[in-house]
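**Q** Supplied structure: structure05.csv, CSV, C-alpha atoms and all ligand atoms.
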chain,number,residue,atom,x,y,z
A,198,MET,CA,25.1,117.2,64.3
A,199,LYS,CA,26.9,115.7,61.4
A,200,GLY,CA,29.6,118.0,60.2
A,201,ILE,CA,30.7,118.6,56.6
A,202,PRO,CA,33.3,116.0,55.5
A,203,LYS,CA,36.9,117.2,55.3
A,204,PHE,CA,38.6,117.4,51.9
A,205,THR,CA,41.7,115.3,51.9
A,206,LYS,CA,43.4,115.6,48.5
A,207,ASP,CA,46.6,117.5,48.0
A,208,PHE,CA,46.3,120.9,46.1
A,209,THR,CA,49.8,120.5,44.7
A,210,GLN,CA,49.4,116.9,43.4
A,211,GLN,CA,49.7,116.8,39.7
A,212,GLU,CA,48.8,113.9,37.4
A,213,PRO,CA,51.6,111.5,36.5
A,214,ILE,CA,53.7,112.2,33.4
A,215,PRO,CA,52.3,110.2,30.5
A,216,GLU,CA,53.8,106.7,30.1
A,217,GLU,CA,54.9,107.5,26.6
A,218,ALA,CA,56.9,110.5,27.9
A,219,ILE,CA,58.4,108.4,30.7
A,220,GLU,CA,59.6,105.8,28.1
A,221,ARG,CA,61.2,108.5,26.0
A,222,ALA,CA,62.8,110.0,29.0
A,223,MET,CA,64.2,106.6,30.0
A,224,LYS,CA,65.6,106.1,26.5
A,225,ILE,CA,67.4,109.5,26.8
A,226,LEU,CA,68.7,108.7,30.3
A,227,ARG,CA,70.1,105.3,29.1
A,228,SER,CA,71.8,107.0,26.1
A,229,GLY,CA,73.4,109.7,28.4
A,230,LYS,CA,72.6,112.2,25.6
A,231,LEU,CA,70.8,114.8,27.7
A,232,HIS,CA,72.3,118.0,26.2
A,233,ARG,CA,70.2,119.4,23.4
A,234,TYR,CA,73.2,119.6,21.0
A,235,ASN,CA,74.4,116.1,21.8
A,236,VAL,CA,73.0,114.5,18.7
A,237,ALA,CA,74.4,112.6,15.8
A,238,PRO,CA,74.8,114.4,12.4
A,239,GLY,CA,71.3,114.7,10.9
A,240,GLU,CA,69.6,113.4,14.1
A,241,LYS,CA,66.9,115.7,15.5
A,242,GLY,CA,67.0,116.1,19.3
A,243,GLU,CA,64.0,116.2,21.5
A,244,ALA,CA,64.4,119.9,22.3
A,245,ALA,CA,64.5,120.7,18.5
A,246,LEU,CA,61.5,118.6,17.9
A,247,LEU,CA,59.5,120.1,20.7
A,248,GLU,CA,60.3,123.6,19.3
A,249,THR,CA,59.0,122.7,15.9
A,250,GLU,CA,55.9,121.0,17.3
A,251,PHE,CA,55.0,123.9,19.7
A,252,ALA,CA,55.6,126.5,16.9
A,253,SER,CA,53.2,124.5,14.8
A,254,TYR,CA,50.6,124.2,17.6
A,255,MET,CA,50.8,128.0,18.0
A,256,GLY,CA,50.9,128.8,14.3
A,257,SER,CA,54.1,130.8,14.8
A,258,ASN,CA,57.2,130.8,12.7
A,259,TYR,CA,59.7,129.9,15.5
A,260,CYS,CA,59.9,128.6,19.0
A,261,LEU,CA,62.8,128.4,21.4
A,262,ALA,CA,62.8,126.2,24.5
A,263,THR,CA,64.5,127.6,27.6
A,264,THR,CA,65.0,126.8,31.3
A,265,SER,CA,61.9,128.7,32.5
A,266,CYS,CA,59.2,131.2,31.5
A,267,GLY,CA,61.2,133.7,33.5
A,268,THR,CA,64.3,133.2,31.4
A,269,SER,CA,62.2,133.1,28.2
A,270,MET,CA,60.8,136.5,29.1
A,271,TYR,CA,64.2,137.9,29.7
A,272,VAL,CA,65.5,136.4,26.4
A,273,ALA,CA,62.4,137.7,24.7
A,274,LEU,CA,62.8,141.3,26.0
A,275,LYS,CA,66.5,141.3,25.0
A,276,SER,CA,66.1,139.7,21.6
A,277,LEU,CA,63.1,141.8,20.6
A,278,GLY,CA,65.1,144.9,21.3
A,279,VAL,CA,64.4,146.2,24.8
A,280,LYS,CA,67.4,148.4,25.8
A,281,PRO,CA,68.6,149.3,29.3
A,282,GLY,CA,66.5,152.2,30.6
A,283,ASP,CA,63.5,151.4,28.3
A,284,LYS,CA,60.2,151.6,30.0
A,285,VAL,CA,58.1,148.4,29.9
A,286,LEU,CA,54.4,148.7,30.8
A,287,CYS,CA,53.0,145.7,32.7
A,288,ASN,CA,49.8,144.9,34.6
A,289,ALA,CA,50.4,145.2,38.3
A,290,TYR,CA,48.6,141.9,39.0
A,291,THR,CA,51.3,139.4,38.0
A,292,LEU,CA,53.9,137.0,39.3
A,293,ALA,CA,57.4,138.1,40.6
A,294,PRO,CA,59.3,136.6,37.6
A,295,VAL,CA,57.6,139.1,35.3
A,296,PRO,CA,59.1,142.3,36.9
A,297,GLY,CA,62.2,140.2,37.5
A,298,ALA,CA,62.6,139.6,33.7
A,299,ILE,CA,62.2,143.4,33.1
A,300,GLU,CA,64.8,144.2,35.7
A,301,ASN,CA,67.1,141.6,34.4
A,302,ALA,CA,66.9,143.3,31.0
A,303,GLY,CA,67.9,146.6,32.6
A,304,ALA,CA,64.5,148.1,31.8
A,305,VAL,CA,62.1,149.9,34.1
A,306,VAL,CA,58.7,148.6,34.9
A,307,GLU,CA,55.7,150.9,34.5
A,308,LEU,CA,52.9,149.2,36.4
A,309,VAL,CA,49.3,149.6,35.2
A,310,GLU,CA,46.2,149.2,37.3
A,311,ILE,CA,43.8,146.2,36.9
A,312,THR,CA,40.0,146.2,37.0
A,313,ASP,CA,37.6,144.2,39.2
A,314,ASP,CA,37.8,141.3,36.8
A,315,TYR,CA,41.6,141.0,37.3
A,316,THR,CA,42.7,142.2,33.9
A,317,ILE,CA,44.7,145.2,32.8
A,318,ASP,CA,42.8,148.5,33.0
A,319,LEU,CA,42.8,149.7,29.4
A,320,GLU,CA,42.1,153.3,30.4
A,321,ASP,CA,45.0,153.3,32.8
A,322,LEU,CA,47.1,151.7,30.1
A,323,ASP,CA,46.1,154.4,27.6
A,324,ARG,CA,47.0,157.1,30.2
A,325,LYS,CA,50.3,155.6,31.3
A,326,ALA,CA,51.4,154.8,27.7
A,327,GLU,CA,50.9,158.5,27.0
A,328,SER,CA,52.5,159.9,30.1
A,329,SER,CA,55.5,157.5,30.3
A,330,GLY,CA,56.2,157.4,26.6
A,331,ALA,CA,56.9,153.6,27.0
A,332,LYS,CA,57.0,151.7,23.7
A,333,TRP,CA,56.8,148.2,25.2
A,334,LEU,CA,54.0,146.3,26.9
A,335,LEU,CA,54.6,143.0,28.7
A,336,ILE,CA,51.1,141.8,29.3
A,337,SER,CA,50.8,139.0,31.9
A,338,HIS,CA,47.6,136.9,31.5
A,339,MET,CA,47.9,136.3,35.2
A,340,ARG,CA,46.0,133.2,36.5
A,341,GLY,CA,44.7,132.8,33.0
A,342,HIS,CA,42.6,136.0,32.9
A,343,MET,CA,42.6,137.6,29.5
A,344,VAL,CA,41.6,141.2,28.9
A,345,ASP,CA,39.5,142.1,25.8
A,346,MET,CA,42.3,141.4,23.3
A,347,ASP,CA,40.6,143.4,20.5
A,348,ARG,CA,40.5,146.5,22.6
A,349,LEU,CA,44.0,145.9,23.9
A,350,MET,CA,45.3,145.7,20.4
A,351,GLN,CA,43.7,149.1,19.6
A,352,VAL,CA,45.4,150.7,22.6
A,353,CYS,CA,48.7,149.2,21.4
A,354,ALA,CA,48.2,150.5,17.9
A,355,LYS,CA,47.3,154.0,19.2
A,356,HIS,CA,50.6,154.3,21.2
A,357,ASP,CA,52.8,152.2,18.9
A,358,LEU,CA,53.3,149.7,21.8
A,359,ARG,CA,55.2,146.5,21.0
A,360,LEU,CA,53.3,143.8,22.8
A,361,ILE,CA,54.9,140.7,24.4
A,362,GLU,CA,52.6,138.2,26.1
A,363,ASP,CA,53.3,136.2,29.3
A,364,CYS,CA,51.2,133.1,28.7
A,365,ALA,CA,52.3,131.1,31.7
A,366,HIS,CA,48.6,130.5,32.5
A,367,THR,CA,47.1,130.8,29.1
A,368,MET,CA,48.8,128.0,27.2
A,369,GLY,CA,46.0,126.5,25.1
A,370,ALA,CA,43.6,129.4,25.8
A,371,ARG,CA,42.0,131.5,23.1
A,372,TRP,CA,40.5,134.9,22.7
A,373,ASN,CA,37.7,134.9,20.1
A,374,GLY,CA,39.1,131.7,18.6
A,375,ARG,CA,42.7,133.0,18.4
A,376,LEU,CA,45.3,131.4,20.6
A,377,SER,CA,46.7,133.4,23.5
A,378,GLY,CA,50.3,134.2,22.6
A,379,SER,CA,49.5,134.9,19.0
A,380,PHE,CA,48.6,138.6,19.5
A,381,GLY,CA,52.0,140.2,20.2
A,382,ILE,CA,55.4,140.2,18.6
A,383,GLY,CA,56.5,137.5,21.0
A,384,ALA,CA,55.0,135.3,23.7
A,385,CYS,CA,56.4,133.3,26.6
A,386,PHE,CA,55.1,130.1,28.2
A,387,SER,CA,56.0,128.1,31.3
A,388,THR,CA,56.3,124.3,31.5
A,389,GLN,CA,56.9,124.5,35.3
A,390,THR,CA,55.1,121.8,37.3
A,391,TYR,CA,52.1,124.0,38.2
A,392,LYS,CA,51.3,125.1,34.6
A,393,HIS,CA,49.6,123.4,31.7
A,394,MET,CA,52.5,121.1,30.7
A,395,ASN,CA,54.9,119.7,33.3
A,396,SER,CA,58.6,119.3,32.9
A,397,GLY,CA,59.5,120.5,36.4
A,398,GLU,CA,61.0,123.7,35.0
A,399,GLY,CA,61.0,125.0,31.5
A,400,GLY,CA,60.0,127.8,29.2
A,401,LEU,CA,59.0,128.4,25.6
A,402,PHE,CA,59.4,131.6,23.6
A,403,ILE,CA,57.7,132.1,20.2
A,404,THR,CA,58.0,134.8,17.7
A,405,ASN,CA,57.6,135.4,13.9
A,406,ASP,CA,60.6,137.8,13.8
A,407,ASP,CA,63.7,136.4,12.1
A,408,GLU,CA,66.3,138.5,13.8
A,409,ALA,CA,64.7,138.2,17.2
A,410,MET,CA,64.7,134.4,17.0
A,411,ALA,CA,68.3,134.3,15.8
A,412,ARG,CA,69.3,136.5,18.8
A,413,ALA,CA,67.1,134.5,21.2
A,414,ILE,CA,68.8,131.2,20.1
A,415,ILE,CA,72.2,132.7,20.6
A,416,HIS,CA,71.2,134.3,23.9
A,417,SER,CA,69.9,131.0,25.1
A,418,GLY,CA,73.4,129.5,24.7
A,419,SER,CA,73.6,127.9,21.2
A,420,TYR,CA,77.3,128.9,20.8
A,421,MET,CA,77.9,128.7,17.1
A,422,ILE,CA,75.9,125.5,16.6
A,423,TYR,CA,72.6,127.2,16.2
A,424,GLY,CA,72.3,125.2,12.9
A,425,ARG,CA,71.1,122.3,15.0
A,426,HIS,CA,67.8,124.2,15.7
A,427,ASP,CA,65.1,123.3,13.2
A,428,SER,CA,62.7,126.1,14.3
A,429,ARG,CA,65.0,128.9,13.2
A,430,PRO,CA,65.4,131.5,10.4
A,431,ASP,CA,68.0,131.1,7.7
A,432,LEU,CA,71.7,130.9,8.7
A,433,GLU,CA,72.4,134.3,7.1
A,434,VAL,CA,70.3,135.9,9.7
A,435,PHE,CA,72.6,134.5,12.4
A,436,ASP,CA,75.6,135.9,10.6
A,437,ARG,CA,74.1,139.4,11.0
A,438,VAL,CA,73.7,139.1,14.8
A,439,LYS,CA,76.2,136.5,16.1
A,440,TYR,CA,79.0,138.9,17.1
A,441,HIS,CA,76.6,141.2,18.9
A,442,THR,CA,74.6,138.7,20.9
A,443,ALA,CA,75.6,137.6,24.4
A,444,ASN,CA,75.3,134.0,25.6
A,445,TYR,CA,73.1,133.8,28.7
A,446,SER,CA,73.0,130.0,28.8
A,447,THR,CA,69.4,129.3,29.4
A,448,ARG,CA,68.9,126.2,27.2
A,449,MET,CA,66.3,123.5,27.7
A,450,ASP,CA,67.7,119.9,27.7
A,451,ASN,CA,66.5,116.9,25.7
A,452,LEU,CA,65.2,115.2,28.9
A,453,ARG,CA,62.7,117.9,29.7
A,454,ALA,CA,61.7,118.3,26.1
A,455,SER,CA,61.0,114.5,25.9
A,456,LEU,CA,58.6,114.9,28.8
A,457,LEU,CA,56.8,117.7,27.1
A,458,ARG,CA,56.3,116.4,23.6
A,459,PRO,CA,53.6,113.8,24.5
A,460,GLN,CA,52.0,116.3,26.8
A,461,LEU,CA,51.6,118.8,23.9
A,462,ARG,CA,49.6,116.2,22.0
A,463,ILE,CA,47.0,116.0,24.8
A,464,LEU,CA,47.1,119.7,25.8
A,465,ASP,CA,43.7,120.6,24.3
A,466,ASP,CA,42.1,117.7,26.0
A,467,GLN,CA,43.7,118.6,29.4
A,468,CYS,CA,42.4,122.2,29.0
A,469,ARG,CA,38.9,120.8,28.4
A,470,ARG,CA,39.3,118.7,31.6
A,471,TRP,CA,40.4,121.8,33.6
A,472,ASN,CA,37.4,123.7,32.4
A,473,GLU,CA,35.0,120.9,33.5
A,474,ARG,CA,36.4,121.3,37.0
A,475,TYR,CA,36.5,125.1,36.8
A,476,GLN,CA,32.9,125.3,35.8
A,477,VAL,CA,31.7,123.2,38.7
A,478,LEU,CA,33.6,125.4,41.1
A,479,GLU,CA,32.5,128.7,39.4
A,480,GLU,CA,28.8,127.7,39.3
A,481,GLY,CA,29.0,126.7,43.0
A,482,LEU,CA,31.0,129.7,44.2
A,483,LYS,CA,28.8,132.2,42.4
A,484,LYS,CA,25.8,131.1,44.5
A,485,ILE,CA,27.6,131.6,47.8
A,486,PRO,CA,26.4,134.9,49.5
A,487,GLY,CA,29.4,137.1,50.1
A,488,ILE,CA,31.6,135.6,47.4
A,489,TRP,CA,32.2,137.3,44.1
A,490,VAL,CA,33.5,135.5,41.0
A,491,PRO,CA,34.4,137.6,38.0
A,492,VAL,CA,32.1,137.3,35.0
A,493,ARG,CA,34.2,136.1,32.0
A,494,ASP,CA,33.7,137.3,28.5
A,495,PRO,CA,32.1,134.7,26.2
A,496,LYS,CA,35.0,135.4,23.8
A,497,GLU,CA,37.5,134.3,26.4
A,498,ALA,CA,38.2,130.5,26.1
A,499,TYR,CA,40.2,130.3,29.2
A,500,VAL,CA,41.9,127.3,30.9
A,501,GLY,CA,40.6,127.0,34.4
A,502,SER,CA,43.7,125.5,36.0
A,503,SER,CA,43.1,127.7,39.0
A,504,ILE,CA,40.2,129.8,40.3
A,505,GLN,CA,40.1,133.2,41.9
A,506,PHE,CA,37.3,135.0,43.8
A,507,ASN,CA,36.8,138.0,46.0
A,508,ILE,CA,35.1,138.4,49.4
A,509,PRO,CA,34.5,142.0,48.7
A,510,ASP,CA,33.0,143.0,52.1
A,511,ALA,CA,35.6,141.2,54.2
A,512,ASP,CA,38.2,143.0,56.3
A,513,GLU,CA,41.6,141.5,56.9
A,514,ALA,CA,40.6,139.6,60.1
A,515,THR,CA,37.6,138.1,58.3
A,516,ILE,CA,39.8,136.9,55.4
A,517,ARG,CA,42.3,135.4,57.7
A,518,SER,CA,39.7,133.5,59.6
A,519,PHE,CA,38.0,132.4,56.3
A,520,LEU,CA,41.3,131.0,55.0
A,521,ALA,CA,42.0,129.3,58.4
A,522,ALA,CA,38.5,127.7,58.5
A,523,ALA,CA,38.8,126.5,54.9
A,524,LEU,CA,42.2,125.0,55.6
A,525,GLU,CA,40.8,123.3,58.7
A,526,LEU,CA,38.5,121.5,56.3
A,527,GLY,CA,41.3,120.7,53.9
A,528,VAL,CA,40.7,123.5,51.4
A,529,GLU,CA,43.9,125.4,50.7
A,530,LEU,CA,43.4,128.9,49.5
A,531,LYS,CA,45.9,131.6,48.9
A,532,TRP,CA,45.4,135.3,49.5
A,533,PHE,CA,46.8,138.2,47.4
A,534,GLY,CA,46.1,140.8,50.0
A,535,SER,CA,48.7,139.9,52.6
A,536,ALA,CA,51.1,142.8,53.5
A,537,GLU,CA,54.0,140.4,53.4
A,538,PRO,CA,54.5,138.2,50.3
A,539,VAL,CA,53.8,134.6,51.2
A,540,GLY,CA,54.6,131.4,49.3
A,541,PHE,CA,54.2,131.7,45.5
A,542,THR,CA,51.9,134.7,45.9
A,543,SER,CA,53.4,138.1,45.1
A,544,ALA,CA,52.0,141.6,45.3
A,545,TYR,CA,53.5,144.5,43.4
A,546,HIS,CA,54.4,146.5,46.4
A,547,SER,CA,57.1,144.0,47.3
A,548,TRP,CA,59.1,144.8,44.1
A,549,ARG,CA,61.0,147.7,45.7
A,550,TYR,CA,64.2,147.1,43.7
A,551,PHE,CA,62.6,149.4,41.1
A,552,GLY,CA,62.6,152.2,43.7
A,553,GLN,CA,59.5,154.1,44.3
A,554,LEU,CA,56.5,152.2,42.8
A,555,PRO,CA,53.2,154.0,42.1
A,556,ASP,CA,50.3,153.6,44.4
A,557,LEU,CA,47.6,151.7,42.6
A,558,PRO,CA,44.4,152.1,44.6
A,559,VAL,CA,42.2,149.8,42.5
A,560,THR,CA,44.7,147.0,42.3
A,561,ASN,CA,45.2,147.3,46.1
A,562,ARG,CA,41.5,147.1,46.7
A,563,VAL,CA,41.0,144.1,44.4
A,564,LEU,CA,44.0,142.2,45.7
A,565,ALA,CA,43.0,142.9,49.4
A,566,THR,CA,40.1,140.5,49.2
A,567,MET,CA,41.1,138.2,46.4
A,568,CYS,CA,41.5,134.4,47.1
A,569,ASP,CA,43.2,132.0,44.8
A,570,MET,CA,42.9,128.2,44.6
A,571,ARG,CA,44.8,125.7,42.5
A,572,VAL,CA,42.7,123.2,40.5
A,573,PRO,CA,44.9,120.2,39.8
A,574,LEU,CA,43.6,117.6,37.4
A,575,THR,CA,43.9,115.0,40.1
A,576,PHE,CA,40.7,116.5,41.5
A,577,ASN,CA,37.5,115.0,40.0
A,578,LEU,CA,34.1,116.8,39.7
A,579,GLU,CA,32.9,115.2,42.9
A,580,ASP,CA,35.9,116.8,44.7
A,581,CYS,CA,35.1,120.2,43.2
A,582,ARG,CA,31.5,119.8,44.5
A,583,LEU,CA,32.8,119.0,48.0
A,584,ILE,CA,35.1,122.1,47.9
A,585,VAL,CA,32.1,124.3,47.1
A,586,ASP,CA,30.2,122.7,50.0
A,587,ILE,CA,33.0,123.4,52.3
A,588,LEU,CA,33.5,127.0,51.2
A,589,ARG,CA,29.7,127.6,51.4
A,590,ASP,CA,29.7,126.3,55.0
A,591,VAL,CA,32.7,128.4,55.9
A,592,ALA,CA,31.2,131.5,54.3
A,593,ALA,CA,27.9,131.1,56.0
A,594,ARG,CA,29.7,131.0,59.4
A,595,LEU,CA,32.2,133.8,58.8
A,596,ILE,CA,31.3,136.3,56.2
A,597,LYS,CA,29.1,139.1,57.5
A,598,ARG,CA,27.6,141.1,54.7
A,599,ASN,CA,27.4,144.8,54.7
A,600,SER,CA,24.6,145.2,52.2
B,701,LIG,C1,54.6,130.8,36.7
B,701,LIG,C2,54.5,132.1,36.1
B,701,LIG,C3,55.6,132.7,35.5
B,701,LIG,C4,57.0,132.1,35.6
B,701,LIG,O1,57.2,130.9,35.1
B,701,LIG,P1,58.5,130.1,35.5
B,701,LIG,O2,58.5,129.0,34.4
B,701,LIG,O3,58.3,129.5,36.8
B,701,LIG,O4,59.6,131.0,35.4
B,701,LIG,C5,55.4,133.9,34.8
B,701,LIG,N1,54.2,134.5,34.8
B,701,LIG,C6,53.1,133.9,35.4
B,701,LIG,C7,51.8,134.6,35.2
B,701,LIG,C8,53.2,132.7,36.0
B,701,LIG,O5,52.2,132.2,36.6
Can the structure in the file be given as structure tokens, please?
**A**
Amino acid sequence: MKGIPKFTKDFTQQEPIPEEAIERAMKILRSGKLHRYNVAPGEKGEAALLETEFASYMGSNYCLATTSCGTSMYVALKSLGVKPGDKVLCNAYTLAPVPGAIENAGAVVELVEITDDYTIDLEDLDRKAESSGAKWLLISHMRGHMVDMDRLMQVCAKHDLRLIEDCAHTMGARWNGRLSGSFGIGACFSTQTYKHMNSGEGGLFITNDDEAMARAIIHSGSYMIYGRHDSRPDLEVFDRVKYHTANYSTRMDNLRASLLRPQLRILDDQCRRWNERYQVLEEGLKKIPGIWVPVRDPKEAYVGSSIQFNIPDADEATIRSFLAAALELGVELKWFGSAEPVGFTSAYHSWRYFGQLPDLPVTNRVLATMCDMRVPLTFNLEDCRLIVDILRDVAARLIKRNS
């Protein structure tokens, strides 16, 4: 009997950096001027230009480039006014740098349940905002899943919650036509290799708030040469905050920024290409008995740079054998339900540095059977079809359905 062919491409293989970006980067390397403030008088450095261009893409007043999304969240929390001991609400399905940024700011995380479609449970948010008295919400659009943003904003308004968005997986995504990251008082993005623009490491923080951006720029390590930023408020604003703002040294350099500027110009097209792949996978996976793919709201213009699905009836042993059989055929899946954190995957119960964390039964149940797969743009549509065939084959062999 002829078996199903094995998938042989690498799930961590990104596309090359655009030639134009490589040329710019080479120019910077040859000049030796990698530091963002190492510019001639009047010259605009790549980091400053990237900030102006990203702020313009997002329709935001200001942008600051940093070393990672994690540092940009930390700088965002500090510069927007989170104080030590403040409570910060956050959806429990997120990545470890998110609670890490909250801890780094000296604040306390208040985890909120998620629903079966992986987004924050707005009823639990309503309850926990009430019971905790928290005034901050750091929403993480984890793996690109956006909650109904209109309803979220209503809950925020009801409890006077100041919203900060973690858009590591929603760069270029929209809710009802409006860009993810433009709903809160600040938003953070990642330009780490596995996100939507690739500079190895890197982060972007946007806000419309004058004082917050002045503080963020100084926090990021501008010393007293913040005047070399273009995406910034008037210099008087810096005068108000400069003696009271610590330098955390989290600057992005011109080299990384030069890699990102040409990528920003093709971002929307890349998002479209991700979604072509996502839609083939989603269509295919939905038809596999035993596999459940969340239904996405038509208002959610997501970016399908990864796909998640549940095997709701599977126990731990079944999931483990499913993952092993898929891997045997070259399909690399991750699993959020493991008791021990593995690889990049993180589950909230491993963030014990906050002390006792709440028990979140729905989040636990959802994560217990959730699988996760990267969708690099180096896969073509044919590859996506083969992945579906493989998972169908594996599911038919291993998933026993209760119903
Ligand atoms: C990757 C990621 C981050 C952190 O980004 P870094 O740039 O690696 O610090 C934060 N939140 C989510 C949801 C992510 O996926």
**Q** Taking only C-alpha atoms and all ligand atoms into account, list the residues no farther than 9 Å from ligand LIG 701 (chain B), as an MDAnalysis selection string.
**A** chainID A and resid 264:270 290:295 337:341 363:367 385:392 397:401 541
**Q** Residues around (61.5, 131.3, 22.9), cut-off 7 Å, counting all atoms listed in the file - what are they as a PDB file with C-alpha atoms, keeping the file's coordinate frame?
**A**
ATOM      1  CA  CYS A 260      59.900 128.600  19.000  1.00  0.00           C
ATOM      2  CA  LEU A 261      62.800 128.400  21.400  1.00  0.00           C
ATOM      3  CA  ALA A 262      62.800 126.200  24.500  1.00  0.00           C
ATOM      4  CA  THR A 263      64.500 127.600  27.600  1.00  0.00           C
ATOM      5  CA  SER A 269      62.200 133.100  28.200  1.00  0.00           C
ATOM      6  CA  ALA A 273      62.400 137.700  24.700  1.00  0.00           C
ATOM      7  CA  CYS A 385      56.400 133.300  26.600  1.00  0.00           C
ATOM      8  CA  LEU A 401      59.000 128.400  25.600  1.00  0.00           C
ATOM      9  CA  PHE A 402      59.400 131.600  23.600  1.00  0.00           C
ATOM     10  CA  ILE A 403      57.700 132.100  20.200  1.00  0.00           C
ATOM     11  CA  ALA A 413      67.100 134.500  21.200  1.00  0.00           C
TER      12      ALA A 413
END
**Q** I'd like the neighbourhood of Arg469 (chain A) as a list of chain:residue names, where a residue qualifies if any of its atoms comes within 8 Å (using all atoms listed in the file), though same-chain residues fewer than 4 positions away should be ignored.
**A**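 Near Arg469 (chain A), the qualifying residues are A:Asp465, A:Glu473, A:Val500.
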**Q** Could you list, as a ChimeraX atom specification, every residue within 12 Å of Gly540 (chain A), counting only C-alpha atoms and ignoring same-chain residues fewer than 2 positions away?
**A** /A:292-293,530-533,535,537-538,542-544
**Q** Looking at A:Ala522, A:Ala244, A:Leu334, A:Leu360, which one is nearest to Cys287 (chain A), with distances taken over only C-alpha atoms?
**A**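 Residue with the minimum atom-to-atom distance to Cys287 (chain A): A:Leu334.
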**Q** Quick one: distance from CA of Thr316 (chain A) to CA of Phe380 (chain A) in Å, one decimal?
**A**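 Taking CA of Thr316 (chain A) and CA of Phe380 (chain A), their separation equals 16.0 Å.
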**Q** Hey, could you make a per-residue contact list for region 497-568 of chain A against region 586-592 of chain A with 8 Å as the cut-off, showing the nearest pair of atoms and its distance in Å to one decimal, counting only C-alpha atoms, sorted by chain and number, as CSV?
**A**
residue,atom,partner,partner_atom,distance
A:Phe519,CA,A:Val591,CA,6.7
A:Ala522,CA,A:Val591,CA,6.4
A:Ala523,CA,A:Val591,CA,6.5
A:Leu526,CA,A:Ile587,CA,7.1
A:Val528,CA,A:Ile587,CA,7.8
**Q** Contacts of Glu300 (chain A) at 10 Å or less, counting all atoms listed in the file, minus same-chain residues fewer than 3 places along, as a ChimeraX atom specification?
**A** /A:271,281-282,285,294-297,303-306,550-551
**Q** Deliver the residues from the most recent selection as a file, using C-alpha atoms, as a PDB file, in the coordinates of the input.
**A**
ATOM      1  CA  TYR A 271      64.200 137.900  29.700  1.00  0.00           C
ATOM      2  CA  PRO A 281      68.600 149.300  29.300  1.00  0.00           C
ATOM      3  CA  GLY A 282      66.500 152.200  30.600  1.00  0.00           C
ATOM      4  CA  VAL A 285      58.100 148.400  29.900  1.00  0.00           C
ATOM      5  CA  PRO A 294      59.300 136.600  37.600  1.00  0.00           C
ATOM      6  CA  VAL A 295      57.600 139.100  35.300  1.00  0.00           C
ATOM      7  CA  PRO A 296      59.100 142.300  36.900  1.00  0.00           C
ATOM      8  CA  GLY A 297      62.200 140.200  37.500  1.00  0.00           C
ATOM      9  CA  GLY A 303      67.900 146.600  32.600  1.00  0.00           C
ATOM     10  CA  ALA A 304      64.500 148.100  31.800  1.00  0.00           C
ATOM     11  CA  VAL A 305      62.100 149.900  34.100  1.00  0.00           C
ATOM     12  CA  VAL A 306      58.700 148.600  34.900  1.00  0.00           C
ATOM     13  CA  TYR A 550      64.200 147.100  43.700  1.00  0.00           C
ATOM     14  CA  PHE A 551      62.600 149.400  41.100  1.00  0.00           C
TER      15      PHE A 551
END
**Q** Pick the closest to Arg375 (chain A) from A:Ala443, A:Ile225, A:Met255, A:Leu247: which is it, counting only C-alpha atoms?
**A**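 Once distances to Arg375 (chain A) are computed over only C-alpha atoms, the minimum belongs to A:Met255.
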